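J.: final33.cif is reproduced below (mmCIF, C-alpha atoms and all ligand atoms).
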```cif
data_final
loop_
_atom_site.label_atom_id
_atom_site.label_comp_id
_atom_site.auth_asym_id
_atom_site.auth_seq_id
_atom_site.Cartn_x
_atom_site.Cartn_y
_atom_site.Cartn_z
CA MET T 1343 127.21 170.91 148.86
CA LYS T 1344 130.60 169.62 149.96
CA GLU T 1345 132.18 166.23 149.32
CA ALA T 1346 132.29 165.54 153.08
CA ASP T 1347 128.46 165.97 153.30
CA ILE T 1348 127.83 162.98 151.06
CA ARG T 1349 131.12 161.08 151.51
CA PRO T 1350 132.30 161.66 155.10
CA GLU T 1351 136.05 161.11 155.26
CA GLY T 1352 136.02 158.27 157.81
CA LEU T 1353 133.37 156.28 155.94
CA LEU T 1354 135.06 156.88 152.59
CA ARG T 1355 138.42 155.73 153.95
CA ARG T 1356 136.88 152.54 155.39
CA TYR T 1357 135.00 151.87 152.13
CA LEU T 1358 138.18 152.25 150.05
CA ASP T 1359 140.12 149.98 152.42
CA LEU T 1360 137.44 147.29 152.17
CA SER T 1361 137.34 147.68 148.38
CA ALA T 1362 141.10 147.12 148.21
CA LYS T 1363 140.72 144.01 150.37
CA ASP T 1364 137.87 142.72 148.18
CA ALA T 1365 140.00 143.30 145.08
CA ALA T 1366 142.39 140.66 146.41
CA VAL T 1367 139.85 138.31 148.04
CA CYS T 1368 137.25 138.23 145.23
CA PHE T 1369 139.50 138.68 142.19
CA GLY T 1370 142.94 137.50 143.25
CA ASP T 1371 143.00 134.34 141.12
CA ALA T 1372 140.58 135.45 138.40
CA ALA T 1373 141.87 135.20 134.82
CA ARG T 1374 141.84 138.55 133.02
CA HIS T 1375 141.12 139.30 129.38
CA PRO T 1376 141.69 142.49 127.43
CA VAL T 1377 138.46 144.26 126.49
CA ALA T 1378 137.84 146.75 123.67
CA CYS T 1379 136.84 150.33 124.51
CA VAL T 1380 133.56 150.11 126.43
CA ALA T 1381 132.28 153.25 124.68
CA CYS T 1382 133.34 153.15 121.01
CA ALA T 1383 134.61 149.53 120.69
CA ALA T 1384 138.03 150.61 119.36
CA SER T 1385 140.67 147.99 120.09
CA ARG T 1386 143.62 150.36 120.55
CA SER T 1387 144.18 151.71 124.03
CA VAL T 1388 147.11 152.94 126.09
CA PRO T 1389 147.76 151.48 129.56
CA GLN T 1390 147.61 154.19 132.26
CA PHE T 1391 147.97 152.80 135.79
CA GLU T 1392 147.08 149.98 138.10
CA LYS T 1393 145.14 150.14 141.36
CA THR T 1394 144.76 147.22 143.79
CA GLY T 1395 145.53 144.81 140.95
CA PHE T 1396 143.11 146.39 138.46
CA ALA T 1397 144.69 147.99 135.40
CA TYR T 1398 143.12 150.90 133.52
CA ALA T 1399 143.70 151.98 129.92
CA GLN T 1400 142.66 154.96 127.85
CA CYS T 1401 141.02 154.48 124.45
CA SER T 1402 143.21 155.83 121.66
CA ASP T 1403 140.13 156.86 119.66
CA CYS T 1404 137.64 158.42 122.07
CA GLY T 1405 139.68 158.98 125.24
CA THR T 1406 137.47 156.86 127.53
CA LEU T 1407 139.27 155.41 130.57
CA PHE T 1408 138.28 151.84 131.36
CA GLN T 1409 139.40 148.84 133.33
CA THR T 1410 141.27 146.27 131.18
CA PRO T 1411 142.31 143.44 131.17
CA ARG T 1412 139.10 142.54 132.98
CA PRO T 1413 138.22 139.59 135.20
CA PRO T 1414 135.17 137.58 134.03
CA ILE T 1415 131.65 138.88 134.66
CA GLU T 1416 130.94 135.99 137.06
CA ALA T 1417 133.61 137.30 139.42
CA PHE T 1418 131.89 140.72 139.50
CA GLU T 1419 128.46 139.15 140.03
CA ALA T 1420 129.79 137.18 143.00
CA PHE T 1421 131.51 140.32 144.29
CA TYR T 1422 128.29 142.38 144.22
CA ARG T 1423 126.28 139.53 145.74
CA ASP T 1424 128.63 139.03 148.64
CA SER T 1425 131.59 141.21 149.51
CA GLU T 1426 132.58 143.33 152.48
CA SER T 1427 132.72 146.62 150.62
CA SER T 1428 129.34 146.11 148.90
CA ARG T 1429 127.76 145.21 152.22
CA PHE T 1430 129.41 148.17 153.93
CA TRP T 1431 128.09 150.50 151.23
CA ALA T 1432 124.53 149.16 151.44
CA GLU T 1433 124.28 148.68 155.21
CA VAL T 1434 126.51 151.39 156.71
CA PHE T 1435 127.71 154.04 154.25
CA PHE T 1436 124.53 154.77 152.31
CA PRO T 1437 122.13 154.65 155.30
CA ALA T 1438 124.45 157.07 157.17
CA VAL T 1439 124.20 159.69 154.41
CA ALA T 1440 120.76 158.83 152.99
CA GLU T 1441 118.92 161.81 154.48
CA VAL T 1442 121.69 164.28 153.62
CA ARG T 1443 121.69 162.89 150.10
CA ARG T 1444 117.90 163.16 149.93
CA GLU T 1445 118.16 166.89 150.55
CA LYS T 1446 121.41 167.67 148.72
CA ILE T 1447 121.18 165.26 145.79
CA PHE T 1448 117.79 163.66 145.25
CA GLN T 1449 115.51 166.68 145.70
CA PRO T 1450 117.57 168.95 143.41
CA ARG T 1451 117.89 166.00 140.99
CA VAL T 1452 114.10 165.71 140.64
CA LYS T 1453 113.75 169.44 140.13
CA ARG T 1454 116.52 169.64 137.54
CA LEU T 1455 115.40 166.54 135.67
CA ALA T 1456 111.80 167.80 135.57
CA THR T 1457 113.05 171.09 134.10
CA LEU T 1458 115.08 169.20 131.51
CA CYS T 1459 112.00 167.12 130.57
CA LYS T 1460 109.93 170.29 130.23
CA GLU T 1461 112.53 171.85 127.95
CA LYS T 1462 112.46 168.75 125.74
CA GLY T 1463 108.65 168.49 125.79
CA ILE T 1464 108.72 165.10 127.53
CA THR T 1465 105.52 164.12 129.35
CA VAL T 1466 106.39 161.54 131.99
CA ARG T 1467 103.37 159.32 132.67
CA ARG T 1468 105.43 156.24 133.38
CA LEU T 1469 108.98 156.24 134.72
CA VAL T 1470 111.28 153.27 135.34
CA ASP T 1471 114.33 153.80 137.57
CA VAL T 1472 117.08 151.24 136.98
CA GLY T 1473 119.32 150.63 139.98
CA ALA T 1474 116.71 152.26 142.20
CA GLY T 1475 118.61 151.45 145.42
CA TYR T 1476 116.53 152.46 148.43
CA GLY T 1477 113.98 154.19 146.21
CA ILE T 1478 114.76 157.71 147.37
CA PHE T 1479 114.67 159.18 143.87
CA LEU T 1480 111.29 157.54 143.23
CA GLU T 1481 109.96 158.83 146.57
CA GLU T 1482 111.03 162.36 145.75
CA TRP T 1483 109.67 162.13 142.20
CA SER T 1484 106.29 160.89 143.44
CA ARG T 1485 106.18 163.69 146.00
CA ALA T 1486 106.59 166.23 143.18
CA PHE T 1487 104.56 164.32 140.57
CA PRO T 1488 102.10 162.00 142.38
CA ARG T 1489 100.38 160.91 139.16
CA THR T 1490 103.42 159.34 137.48
CA SER T 1491 103.35 155.54 137.42
CA LEU T 1492 106.69 154.46 138.94
CA VAL T 1493 108.70 151.25 138.67
CA ALA T 1494 111.94 150.29 140.42
CA VAL T 1495 114.38 147.90 138.77
CA GLU T 1496 116.71 146.74 141.52
CA PRO T 1497 118.65 143.46 141.59
CA SER T 1498 119.69 143.57 145.25
CA GLU T 1499 117.24 141.63 147.42
CA SER T 1500 117.44 143.91 150.45
CA MET T 1501 117.10 147.13 148.47
CA ALA T 1502 114.28 145.71 146.31
CA ARG T 1503 112.46 144.87 149.57
CA GLU T 1504 112.93 148.47 150.74
CA CYS T 1505 111.43 149.78 147.48
CA ARG T 1506 108.46 147.44 147.89
CA THR T 1507 107.86 148.67 151.45
CA LYS T 1508 107.68 152.17 150.02
CA GLY T 1509 104.87 150.99 147.74
CA PHE T 1510 106.63 150.93 144.39
CA GLU T 1511 106.22 148.29 141.71
CA VAL T 1512 109.56 146.44 141.80
CA ILE T 1513 111.32 144.24 139.27
CA GLU T 1514 114.08 142.42 141.16
CA GLU T 1515 116.48 141.89 138.25
CA ILE T 1516 119.39 143.42 136.44
CA VAL T 1517 118.09 145.46 133.51
CA GLU T 1518 119.32 142.98 130.89
CA ASN T 1519 116.92 140.37 132.41
CA VAL T 1520 113.77 142.48 132.79
CA PRO T 1521 110.87 140.66 131.04
CA SER T 1522 110.06 142.17 127.65
CA GLU T 1523 106.31 142.33 128.39
CA THR T 1524 106.95 145.06 130.98
CA ALA T 1525 104.89 148.12 130.00
CA PRO T 1526 107.10 150.64 128.20
CA ALA T 1527 107.99 153.92 129.91
CA ASP T 1528 108.18 157.51 128.72
CA LEU T 1529 111.40 157.92 130.66
CA VAL T 1530 113.91 155.38 131.99
CA THR T 1531 116.44 156.73 134.48
CA SER T 1532 119.65 155.28 135.84
CA PHE T 1533 121.70 157.21 138.36
CA GLU T 1534 125.32 156.33 139.14
CA VAL T 1535 125.16 152.83 137.68
CA LEU T 1536 126.98 153.03 134.33
CA GLU T 1537 130.42 153.36 135.94
CA HIS T 1538 129.84 149.95 137.62
CA VAL T 1539 128.43 147.86 134.79
CA TYR T 1540 130.48 145.15 133.13
CA ASP T 1541 129.54 146.08 129.58
CA PRO T 1542 127.89 149.47 128.99
CA LEU T 1543 126.50 148.68 125.50
CA PRO T 1544 124.13 145.82 126.47
CA PHE T 1545 123.26 147.80 129.60
CA LEU T 1546 122.15 150.81 127.53
CA ARG T 1547 120.29 148.56 125.12
CA GLY T 1548 118.58 147.09 128.20
CA LEU T 1549 117.47 150.59 129.23
CA ARG T 1550 116.29 151.26 125.69
CA ARG T 1551 114.16 148.12 125.68
CA LEU T 1552 112.11 149.55 128.57
CA VAL T 1553 111.31 152.80 126.73
CA ARG T 1554 108.38 153.34 124.38
CA ASP T 1555 109.20 154.30 120.78
CA GLY T 1556 110.34 157.90 120.79
CA GLY T 1557 110.72 157.81 124.59
CA TRP T 1558 113.76 158.90 126.55
CA VAL T 1559 116.60 157.51 128.62
CA PHE T 1560 118.45 159.47 131.27
CA VAL T 1561 121.81 158.41 132.70
CA SER T 1562 124.04 160.09 135.26
CA THR T 1563 127.58 158.85 135.83
CA LEU T 1564 131.24 159.89 136.01
CA GLY T 1565 132.99 161.44 133.02
CA ILE T 1566 136.75 161.30 132.53
CA ASP T 1567 136.92 164.76 130.92
CA GLY T 1568 135.91 166.25 134.27
CA PHE T 1569 138.24 168.53 136.19
CA ASP T 1570 139.01 166.37 139.23
CA PHE T 1571 139.87 163.33 137.08
CA GLN T 1572 142.03 165.34 134.73
CA VAL T 1573 143.97 166.84 137.64
CA LEU T 1574 144.19 163.82 139.95
CA TRP T 1575 144.10 160.97 137.39
CA GLU T 1576 145.12 157.73 139.15
CA LYS T 1577 145.06 159.48 142.53
CA SER T 1578 141.32 160.13 142.22
CA THR T 1579 139.45 158.25 144.97
CA GLN T 1580 136.55 157.97 142.51
CA ILE T 1581 138.62 155.47 140.51
CA SER T 1582 137.90 152.72 143.00
CA PRO T 1583 138.09 149.16 141.68
CA PRO T 1584 136.41 146.70 141.77
CA HIS T 1585 133.43 149.12 141.92
CA HIS T 1586 134.13 151.74 139.28
CA LEU T 1587 135.20 150.37 135.89
CA ASN T 1588 134.07 152.84 133.22
CA PHE T 1589 134.81 156.56 132.89
CA LEU T 1590 133.61 157.72 129.51
CA SER T 1591 134.80 160.79 127.66
CA THR T 1592 132.39 163.27 126.08
CA ARG T 1593 133.12 161.66 122.70
CA GLY T 1594 132.72 158.22 124.24
CA PHE T 1595 129.21 159.05 125.51
CA ALA T 1596 128.16 160.22 122.05
CA GLU T 1597 129.52 157.04 120.46
CA LEU T 1598 128.01 154.69 123.03
CA PHE T 1599 124.52 156.20 122.85
CA ARG T 1600 124.61 156.19 119.04
CA ARG T 1601 125.64 152.52 119.00
CA ALA T 1602 122.86 151.66 121.46
CA GLY T 1603 120.20 153.16 119.17
CA PHE T 1604 119.64 156.66 120.52
CA SER T 1605 119.46 160.07 118.90
CA ASP T 1606 119.15 163.64 120.28
CA VAL T 1607 121.89 162.98 122.80
CA THR T 1608 122.25 165.91 125.23
CA LEU T 1609 125.19 165.92 127.64
CA THR T 1610 125.50 168.33 130.56
CA THR T 1611 127.80 168.30 133.58
CA PRO T 1612 125.94 169.84 136.51
CA GLY T 1613 128.48 168.60 139.10
CA GLN T 1614 129.25 170.74 142.13
CA LEU T 1615 132.12 168.87 143.72
CA ASP T 1616 135.12 168.90 141.36
CA VAL T 1617 136.97 171.73 143.06
CA ASP T 1618 136.12 170.47 146.55
CA ILE T 1619 137.34 166.97 145.62
CA VAL T 1620 140.70 168.34 144.44
CA ARG T 1621 140.95 170.57 147.53
CA ASN T 1622 140.34 167.56 149.79
CA ALA T 1623 142.92 165.50 147.91
CA MET T 1624 145.41 168.33 148.37
CA ARG T 1625 144.65 168.54 152.08
CA GLN T 1626 145.33 164.83 152.49
CA ASP T 1627 148.49 164.93 150.40
CA PRO T 1628 149.98 168.44 150.10
CA ASP T 1629 152.34 167.23 147.36
CA ILE T 1630 149.60 165.97 145.10
CA LEU T 1631 149.64 169.13 142.94
CA HIS T 1632 153.28 170.01 143.47
CA ASP T 1633 153.91 170.91 139.83
CA GLN T 1634 150.54 172.57 139.20
CA ARG T 1635 151.05 176.00 140.72
CA PHE T 1636 148.21 177.71 138.85
CA VAL T 1637 145.58 175.10 139.75
CA ARG T 1638 146.75 175.20 143.36
CA SER T 1639 146.32 178.94 143.71
CA LEU T 1640 143.03 178.94 141.79
CA ILE T 1641 141.26 176.38 143.94
CA ALA T 1642 142.75 177.66 147.23
CA ASP T 1643 141.04 181.02 146.72
CA ASP T 1644 137.68 181.01 148.51
CA ALA T 1645 136.16 183.58 146.18
CA ARG T 1646 137.48 182.16 142.92
CA ALA T 1647 136.89 178.46 143.67
CA PRO T 1648 133.06 178.62 143.42
CA ALA T 1649 133.29 180.77 140.29
CA PHE T 1650 135.66 178.23 138.79
CA GLN T 1651 133.23 175.40 139.62
CA ARG T 1652 130.48 177.32 137.81
CA PHE T 1653 132.82 177.73 134.83
CA LEU T 1654 133.42 173.95 134.77
CA VAL T 1655 129.67 173.31 134.73
CA GLU T 1656 129.05 175.84 131.95
CA GLN T 1657 131.82 174.38 129.82
CA GLY T 1658 130.85 170.73 130.29
CA LEU T 1659 134.00 170.07 132.31
CA SER T 1660 132.67 168.70 135.58
CA SER T 1661 133.15 164.98 136.22
CA HIS T 1662 129.48 164.48 137.14
CA VAL T 1663 127.76 163.85 133.83
CA TRP T 1664 124.09 163.82 132.80
CA VAL T 1665 123.05 162.32 129.50
CA LEU T 1666 119.53 162.49 128.11
CA ALA T 1667 118.86 160.67 124.85
CA ARG T 1668 115.89 159.68 122.72
CA LYS T 1669 115.10 156.19 121.51
CA LYS T 1670 115.29 156.27 117.75
CA ASP T 1671 112.00 155.70 115.93
CA GLN T 1672 111.54 152.87 113.43
CA ASP T 1673 114.27 150.82 114.93
CA ASN T 1674 113.26 147.89 117.05
CA SER T 1675 116.59 146.11 117.28
ZN ZN Y 1 136.80 154.55 122.67
#
```
Take the structure in the file and give it back as structure tokens.
T.:
Amino acid sequence: MKEADIRPEGLLRRYLDLSAKDAAVCFGDAARHPVACVACAASRSVPQFEKTGFAYAQCSDCGTLFQTPRPPIEAFEAFYRDSESSRFWAEVFFPAVAEVRREKIFQPRVKRLATLCKEKGITVRRLVDVGAGYGIFLEEWSRAFPRTSLVAVEPSESMARECRTKGFEVIEEIVENVPSETAPADLVTSFEVLEHVYDPLPFLRGLRRLVRDGGWVFVSTLGIDGFDFQVLWEKSTQISPPHHLNFLSTRGFAELFRRAGFSDVTLTTPGQLDVDIVRNAMRQDPDILHDQRFVRSLIADDARAPAFQRFLVEQGLSSHVWVLARKKDQDNS
């Protein structure tokens, strides 16, 4: 898989332009308040850079990169409800790559997640997917495991409708507002949502609430310890406010999941795109790695680049992170 397969350059460029415009239109006058580390709650952080008016800092304790000072949550809610970049993503960008993503992302995702569940001895009779989007993951899961009872949690009206048309039970809410009488699941999944949420701790507790005692939560998101972030830092197109706010470190993930009431936290980084992302950045701006001669020669080599990507995955150094964690027993907080 290549970055251009799932994020074609023209669409990505347009999306980033619209995001920059929305940053001014939707947040221009919003008051901003410093927030503590979104992973470990430490109050000390070091400012790093600013992008389209959104500043990012790195936690002095766990190394998580997060957006602070932050506009109020209401501004983000209004932004997701009605903004040009959100509409463009839902109506143009995602539909254009949906079928490629089905094949390159969702089908392998189901296979890999099922293997992970097997390794952990998890029997998935009921699965809730939070931020289900167009329901492609649920479709692919039900194709592989037709007997699993499946639920989509999806706050966007148009995407919730799409999930309903596909025959899934749908709860049209953000996870924090899902009714507590909802039948608990063996596994709650959430793909590529954590980087967007205003406050990761209540979000994770929201996921936990939907799991039966001893059940499991699975989250995939972006991790700041990954290669492309470490090399590109503020030049990474994945750091795209107002959409992406949280980039946890490996230590940050462990802290956050512990605070949210999970144990047996397993983190893997099965990403395939780090090297390709840095190569593309270098193609767009040949000076981007001007002082990193070794990295430049390593990733320019067609034979070594894939081997290096495999090394990143093996060492937990890709920026695409998977976390599987178990809801602690005897703890109903
Ligand atoms: Zn921290």
J.: Please determine the residues with any atom at most 12 Å from (146.5, 173.6, 140.6) (coordinates as given in the file, with all atoms listed in the file counting) and report them as a PyMOL selection string.
T.: chain T and resi 1569-1570+1572-1574+1617+1620-1621+1623-1624+1628-1643+1647+1650
J.: Within 7 Å of ligand ZN 1 (chain Y), counting all atoms listed in the file, which protein or nucleic acid residues do you find, written as a list in words?
T.: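 Within the 7 Å cut-off, the matching residues are Cys1379, Val1380, Ala1381, Cys1382, Ala1383, Ala1384, Cys1401, Ser1402, Asp1403, Cys1404, Gly1405, Thr1406 and Gly1594 of chain T.
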J.: Excluding region 1367-1375 of chain T and any residue of its chain fewer than 6 positions from it, enumerate the residues within 8 Å of it, using all atoms listed in the file, and give them as a ChimeraX atom specification.
T.: /T:1410-1414,1417,1420-1421,1425
J.: Which residue out of T:Tyr1540, T:Phe1560, T:Trp1575, T:Phe1653 has the minimum interatomic distance to Glu1419 (chain T) when only C-alpha atoms are used?
T.: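 Answer, going by the shortest atom-to-atom distance: T:Tyr1540.
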J.: Quick one: residues within 9 Å of Phe1604 (chain T), only C-alpha atoms, excluding same-chain residues fewer than 5 positions away - as a list of chain:residue names?
T.: T:Arg1550, T:Trp1558, T:Val1559, T:Leu1598, T:Phe1599, T:Ala1667, T:Arg1668, T:Lys1669, T:Lys1670, T:Asp1671
J.: List as a PyMOL selection string the residues having at least one atom at most 12 Å from position (101.2, 160.8, 139.7) as given in the file, counting all atoms listed in the file.
T.: chain T and resi 1465-1469+1480-1492
J.: Could those selected residues go to a file with C-alpha atoms, as a compact mmCIF listing (two decimals), in the coordinates of the input?
T.:
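Writing the result to result.txt gives the following:
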```txt
# COMPACT_ATOMS: atom_id res chain seq x y z
CA THR T 1465 105.52 164.12 129.35
CA VAL T 1466 106.39 161.54 131.99
CA ARG T 1467 103.37 159.32 132.67
CA ARG T 1468 105.43 156.24 133.38
CA LEU T 1469 108.98 156.24 134.72
CA LEU T 1480 111.29 157.54 143.23
CA GLU T 1481 109.96 158.83 146.57
CA GLU T 1482 111.03 162.36 145.75
CA TRP T 1483 109.67 162.13 142.20
CA SER T 1484 106.29 160.89 143.44
CA ARG T 1485 106.18 163.69 146.00
CA ALA T 1486 106.59 166.23 143.18
CA PHE T 1487 104.56 164.32 140.57
CA PRO T 1488 102.10 162.00 142.38
CA ARG T 1489 100.38 160.91 139.16
CA THR T 1490 103.42 159.34 137.48
CA SER T 1491 103.35 155.54 137.42
CA LEU T 1492 106.69 154.46 138.94
```
J.: What is the distance between CA of Ala1432 (chain T) and CA of Ala1366 (chain T), in Å to one decimal?
T.: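 Answer for the CA of Ala1432 (chain T) to CA of Ala1366 (chain T) separation: 20.4 Å.
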J.: Can you list, as a list of chain:residue names, every protein, DNA or RNA residue that comes within 9 Å of Val1535 (chain T) when you count all atoms listed in the file, leaving out same-chain residues fewer than 6 positions away?
T.: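 Everything that qualifies: T:Val1472, T:Gly1473, T:Val1561, T:Ser1562, T:Thr1563.
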J.: In Å, with one decimal, what is the gap from CA of Phe1571 (chain T) to CA of Ser1428 (chain T)?
T.: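 According to the coordinates, CA of Phe1571 (chain T) and CA of Ser1428 (chain T) are separated by 23.4 Å.
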J.: Calculated over all atoms listed in the file, which of the candidates T:Ile1447, T:Ile1478, T:Ile1513, T:Leu1354 has the smallest distance to Leu1615 (chain T)?
T.: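 Nearest candidate to Leu1615 (chain T) out of T:Ile1447, T:Ile1478, T:Ile1513, T:Leu1354: T:Ile1447.
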J.: Do you have, as JSON lines, the list of residues of region 1429-1454 of chain T lying at most 12 Å from region 1606-1612 of chain T, each with its nearest atom pair and that distance in Å to one decimal, counting all atoms listed in the file and ordered by chain then number?
T.:
```
{"residue": "T:Ile1447", "atom": "CA", "partner": "T:Pro1612", "partner_atom": "CA", "distance": 11.4}
{"residue": "T:Pro1450", "atom": "CA", "partner": "T:Pro1612", "partner_atom": "CA", "distance": 10.9}
{"residue": "T:Arg1451", "atom": "CA", "partner": "T:Pro1612", "partner_atom": "CA", "distance": 10.0}
{"residue": "T:Arg1454", "atom": "CA", "partner": "T:Pro1612", "partner_atom": "CA", "distance": 9.5}
```
J.: CA of Gln1400 (chain T) and CA of Ser1427 (chain T) are how many Å apart?
T.: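 Separating CA of Gln1400 (chain T) from CA of Ser1427 (chain T) is a distance of 26.2 Å.
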J.: Using only C-alpha atoms, find the one residue out of T:Val1512, T:Leu1590, T:Leu1666, T:Ile1619 that sits nearest to Ala1399 (chain T).
T.: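 Among the listed residues, T:Leu1590 lies closest to Ala1399 (chain T).
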J.: Between T:Ala1527, T:Leu1564, T:Ile1581, T:Leu1654, which has the minimum distance to Glu1392 (chain T) (counting all atoms listed in the file)?
T.: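 Of all the options, T:Ile1581 lies closest to Glu1392 (chain T).
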